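Report on the structure given below.
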Amino acid sequence: MSDLAIDLAVIGGTGLYRFAELQDVESHQPVTHYGAPSGPIRVGLLGGRRVAFLARHGEGHSLPPHQVNYRANLAALQALGARRVLAINTVGGITERFGPRVLACPDQLIDYTWGRISTICEEPGTEVLHVDFGEPYTRSLRQAVIAAAQSAGVALVDGGCYGATQGPRLETRAEIVRMRRDGCDLVGMTGMPEAGLARELGLDYACLAIVANWAAGAGPDPDEVITLQDVLDNVAAASAGLPALLSAV
Ligand code: HPA
């Protein structure tokens, strides 16, 4: 199955369950050493390049962030021949530059998740890996994303720190105050363990964050209530430039 290389694998987050621009699509659902991925992997052509798309939460959004089999998703993409993974993550914005509908390519992250399988070194006898993770996203892939946004004329914030929370509930205002103090610009529920596992598996990995809302208490109206409809509307609006951006990557 891995005889035909995949130029880019894309993992879609909340609000991004299909990639309609892919042409000549074939579907794969490899079962990996870690189990089954979240759903079918759609492999097709985008601008003449082979792109794989996987909906992280399943195409019907049936998997909450803590139940996603992150290892199976990455291993399945790798088994199909992917070497570069662009993760699309829907997030809340914490600091000024990251308001709703902003696209960002963060360069750092802090992991607040717990109880998730966060390594491929789980089974007895597996070699213990201590991968370098000082720079959690692959520099060359980040640079490709930033250059692609420029050439496609899509506004993108270069940098920012992604704080990965457990969910599925949203955060309290106090948690967001703490995250801002810690240095987080963005908050989402799926950035980890995905990024760390990608590093352990030797995959290039970068995050394209779509800001769907101000995080709790972070916006101009501190009493604002975050609704799923606002999140989905903002993701849809901010995603308009994605096909052009992804083709350019
Ligand atoms: N917090 C965590 N995850 C999110 C948010 C948020 O405010 N918005 C979209 N995903």
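Ordering of the structure tokens sets the chain letters (A, B, ...); residue numbers start at 1 within each chain; ligands are numbered from 1 in the order shown.
Those residues of segment 68-127 of chain A that DSSP, working from the backbone, places in strand (DSSP E or B) are Ala82, Arg84, Val85, Leu86, Ala87, Ile88, Asn89, Thr90, Val91, Gly92, Gly93, Leu103, Ala104, Cys105, Gln108, Leu109, Ile110 and Asp111 of chain A.
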7 Å contact set for segment 157-171 of chain A, only C-alpha atoms, chain neighbours under 6 positions out, as a PyMOL selection string: chain A and resi 64-66+103-114+146+183-192+216
In segment 61-234 of chain A, DSSP alpha helix (DSSP H) residues written as a PyMOL selection string: chain A and resi 70-79+139-152+173-182+194-201+228-234
task: Could you give me, as a PyMOL selection string, the residues within 12 Å of Gln150 of chain A, counting only C-alpha atoms and dropping anything in the same chain fewer than 3 positions from it?
output: chain A and resi 143-147+153-158+241+244-246+248-249
Extract, using only C-alpha atoms, all DNA, RNA and protein residues at most 8 Å from segment 37-52 of chain A, discarding same-chain residues fewer than 3 positions from it, and format them as a PDB file with N, CA and C atoms, in the first residue's frame.
ATOM      1  N   ALA A   5       4.031   7.220  -2.896  1.00  0.00           N
ATOM      2  CA  ALA A   5       4.240   8.144  -1.780  1.00  0.00           C
ATOM      3  C   ALA A   5       3.099   9.143  -1.707  1.00  0.00           C
ATOM      4  N   ILE A   6       2.859   9.601  -0.501  1.00  0.00           N
ATOM      5  CA  ILE A   6       1.865  10.659  -0.284  1.00  0.00           C
ATOM      6  C   ILE A   6       2.650  11.933  -0.008  1.00  0.00           C
ATOM      7  N   ASP A   7       2.351  12.996  -0.752  1.00  0.00           N
ATOM      8  CA  ASP A   7       3.115  14.232  -0.589  1.00  0.00           C
ATOM      9  C   ASP A   7       2.790  14.935   0.721  1.00  0.00           C
ATOM     10  N   LEU A   8       1.541  14.827   1.125  1.00  0.00           N
ATOM     11  CA  LEU A   8       1.145  15.495   2.364  1.00  0.00           C
ATOM     12  C   LEU A   8      -0.050  14.761   2.947  1.00  0.00           C
ATOM     13  N   ALA A   9       0.009  14.524   4.262  1.00  0.00           N
ATOM     14  CA  ALA A   9      -1.164  13.990   4.957  1.00  0.00           C
ATOM     15  C   ALA A   9      -1.759  15.120   5.786  1.00  0.00           C
ATOM     16  N   VAL A  10      -3.072  15.206   5.752  1.00  0.00           N
ATOM     17  CA  VAL A  10      -3.763  16.267   6.481  1.00  0.00           C
ATOM     18  C   VAL A  10      -4.717  15.595   7.469  1.00  0.00           C
ATOM     19  N   GLU A  21     -12.111  19.133  -2.127  1.00  0.00           N
ATOM     20  CA  GLU A  21     -11.295  19.495  -3.308  1.00  0.00           C
ATOM     21  C   GLU A  21     -10.428  18.329  -3.793  1.00  0.00           C
ATOM     22  N   LEU A  22     -10.322  17.250  -3.021  1.00  0.00           N
ATOM     23  CA  LEU A  22      -9.500  16.112  -3.475  1.00  0.00           C
ATOM     24  C   LEU A  22     -10.171  15.448  -4.667  1.00  0.00           C
ATOM     25  N   GLN A  23      -9.349  15.081  -5.659  1.00  0.00           N
ATOM     26  CA  GLN A  23      -9.903  14.416  -6.843  1.00  0.00           C
ATOM     27  C   GLN A  23      -9.412  12.979  -6.944  1.00  0.00           C
ATOM     28  N   ASP A  24     -10.150  12.173  -7.659  1.00  0.00           N
ATOM     29  CA  ASP A  24      -9.809  10.751  -7.846  1.00  0.00           C
ATOM     30  C   ASP A  24      -9.550  10.066  -6.505  1.00  0.00           C
ATOM     31  N   VAL A  25     -10.490  10.200  -5.625  1.00  0.00           N
ATOM     32  CA  VAL A  25     -10.262   9.761  -4.238  1.00  0.00           C
ATOM     33  C   VAL A  25     -10.398   8.245  -4.098  1.00  0.00           C
ATOM     34  N   GLU A  26      -9.426   7.656  -3.392  1.00  0.00           N
ATOM     35  CA  GLU A  26      -9.562   6.257  -2.973  1.00  0.00           C
ATOM     36  C   GLU A  26      -9.633   6.285  -1.461  1.00  0.00           C
ATOM     37  N   SER A  27     -10.327   5.302  -0.879  1.00  0.00           N
ATOM     38  CA  SER A  27     -10.427   5.254   0.582  1.00  0.00           C
ATOM     39  C   SER A  27      -9.661   4.063   1.120  1.00  0.00           C
ATOM     40  N   HIS A  28      -8.966   4.284   2.219  1.00  0.00           N
ATOM     41  CA  HIS A  28      -8.216   3.211   2.876  1.00  0.00           C
ATOM     42  C   HIS A  28      -8.545   3.229   4.357  1.00  0.00           C
ATOM     43  N   GLN A  29      -8.545   2.063   4.953  1.00  0.00           N
ATOM     44  CA  GLN A  29      -8.709   2.034   6.409  1.00  0.00           C
ATOM     45  C   GLN A  29      -7.779   0.971   6.974  1.00  0.00           C
ATOM     46  N   PRO A  30      -6.472   1.215   6.906  1.00  0.00           N
ATOM     47  CA  PRO A  30      -5.554   0.185   7.382  1.00  0.00           C
ATOM     48  C   PRO A  30      -5.693  -0.009   8.886  1.00  0.00           C
ATOM     49  N   VAL A  31      -5.627  -1.260   9.322  1.00  0.00           N
ATOM     50  CA  VAL A  31      -5.606  -1.505  10.769  1.00  0.00           C
ATOM     51  C   VAL A  31      -4.147  -1.625  11.151  1.00  0.00           C
ATOM     52  N   THR A  32      -3.748  -0.846  12.135  1.00  0.00           N
ATOM     53  CA  THR A  32      -2.335  -0.768  12.480  1.00  0.00           C
ATOM     54  C   THR A  32      -2.053  -1.592  13.739  1.00  0.00           C
ATOM     55  N   ALA A  55     -10.184  12.517   9.011  1.00  0.00           N
ATOM     56  CA  ALA A  55     -10.929  13.318  10.002  1.00  0.00           C
ATOM     57  C   ALA A  55     -10.593  12.773  11.394  1.00  0.00           C
ATOM     58  N   ARG A  56      -9.961  13.604  12.209  1.00  0.00           N
ATOM     59  CA  ARG A  56      -9.440  13.146  13.507  1.00  0.00           C
ATOM     60  C   ARG A  56     -10.539  12.593  14.418  1.00  0.00           C
ATOM     61  N   HIS A  57     -11.708  13.220  14.380  1.00  0.00           N
ATOM     62  CA  HIS A  57     -12.795  12.803  15.275  1.00  0.00           C
ATOM     63  C   HIS A  57     -13.752  11.828  14.596  1.00  0.00           C
ATOM     64  N   GLY A  58     -13.372  11.335  13.416  1.00  0.00           N
ATOM     65  CA  GLY A  58     -14.275  10.516  12.612  1.00  0.00           C
ATOM     66  C   GLY A  58     -15.112  11.438  11.744  1.00  0.00           C
ATOM     67  N   GLU A  59     -15.584  10.913  10.619  1.00  0.00           N
ATOM     68  CA  GLU A  59     -16.305  11.786   9.680  1.00  0.00           C
ATOM     69  C   GLU A  59     -17.632  12.273  10.262  1.00  0.00           C
ATOM     70  N   LEU A  63     -15.829  10.894  17.923  1.00  0.00           N
ATOM     71  CA  LEU A  63     -14.790  10.625  18.922  1.00  0.00           C
ATOM     72  C   LEU A  63     -14.392  11.895  19.659  1.00  0.00           C
ATOM     73  N   VAL A  68      -9.635   9.747  20.855  1.00  0.00           N
ATOM     74  CA  VAL A  68      -9.033   9.578  19.530  1.00  0.00           C
ATOM     75  C   VAL A  68      -7.842   8.632  19.662  1.00  0.00           C
ATOM     76  N   ASN A  69      -7.729   7.686  18.749  1.00  0.00           N
ATOM     77  CA  ASN A  69      -6.561   6.796  18.760  1.00  0.00           C
ATOM     78  C   ASN A  69      -5.455   7.487  17.940  1.00  0.00           C
ATOM     79  N   TYR A  70      -4.754   8.391  18.590  1.00  0.00           N
ATOM     80  CA  TYR A  70      -3.750   9.207  17.898  1.00  0.00           C
ATOM     81  C   TYR A  70      -2.654   8.326  17.299  1.00  0.00           C
ATOM     82  N   ALA A  72      -2.893   5.183  16.224  1.00  0.00           N
ATOM     83  CA  ALA A  72      -3.376   4.479  15.030  1.00  0.00           C
ATOM     84  C   ALA A  72      -3.496   5.447  13.854  1.00  0.00           C
ATOM     85  N   ASN A  73      -3.954   6.664  14.125  1.00  0.00           N
ATOM     86  CA  ASN A  73      -4.117   7.623  13.023  1.00  0.00           C
ATOM     87  C   ASN A  73      -2.772   7.891  12.348  1.00  0.00           C
ATOM     88  N   ALA A  76      -1.348   4.766  10.631  1.00  0.00           N
ATOM     89  CA  ALA A  76      -2.074   4.431   9.390  1.00  0.00           C
ATOM     90  C   ALA A  76      -1.624   5.343   8.253  1.00  0.00           C
ATOM     91  N   LEU A  77      -1.467   6.623   8.544  1.00  0.00           N
ATOM     92  CA  LEU A  77      -0.994   7.544   7.497  1.00  0.00           C
ATOM     93  C   LEU A  77       0.413   7.151   7.061  1.00  0.00           C
ATOM     94  N   ALA A  82       2.822   8.248   3.978  1.00  0.00           N
ATOM     95  CA  ALA A  82       2.974   9.664   4.350  1.00  0.00           C
ATOM     96  C   ALA A  82       4.247   9.863   5.167  1.00  0.00           C
ATOM     97  N   SER A 247      -2.768  23.315  -1.303  1.00  0.00           N
ATOM     98  CA  SER A 247      -2.170  23.017  -2.630  1.00  0.00           C
ATOM     99  C   SER A 247      -0.763  23.585  -2.689  1.00  0.00           C
TER     100      SER A 247
END
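Proximity to ligand 1 was assessed for A:Glu127, A:Glu135, A:Asp230, A:Glu122 counting only C-alpha atoms and all ligand atoms; the smallest distance is recorded for A:Asp230.
Rounded to one decimal, atom CA of Pro220 of chain A and atom CA of Asp182 of chain A lie 20.7 Å from each other.
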task: Pick out the residues sitting within 6 Å of Arg84 of chain A, and hand them over as a PyMOL selection string; count only C-alpha atoms, and ignore anything fewer than 4 positions along from it in its own chain.
output: chain A and resi 8+203-205
Just N, CA and C atoms for this one: save the residues we selected as a CSV table (one decimal), in the first residue's frame.
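To be explicit, this is the file written out as part_33.csv:
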chain,number,residue,atom,x,y,z
A,8,LEU,N,1.5,14.8,1.1
A,8,LEU,CA,1.1,15.5,2.4
A,8,LEU,C,0.0,14.8,2.9
A,203,LEU,N,7.9,11.2,11.8
A,203,LEU,CA,7.1,12.0,10.8
A,203,LEU,C,7.4,13.4,11.0
A,204,ASP,N,7.5,14.1,9.9
A,204,ASP,CA,7.4,15.6,9.9
A,204,ASP,C,6.0,16.0,10.3
A,205,TYR,N,5.9,17.0,11.1
A,205,TYR,CA,4.6,17.4,11.7
A,205,TYR,C,4.5,18.9,11.9
- request: Kindly indicate which residue among A:Pro193, A:Pro124, A:Gly60, A:Gly92 lies nearest to ligand 1, using only C-alpha atoms and all ligand atoms for the distances.
  value: A:Gly92
query: Between A:Ile94, A:Ala240, A:Leu74, A:Val128, which one has atoms that come closest to Gly202 of chain A, using only C-alpha atoms?
result: A:Leu74
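As for atom CA of Ala152 of chain A and atom CA of Gly99 of chain A, they are spaced 21.2 Å apart.
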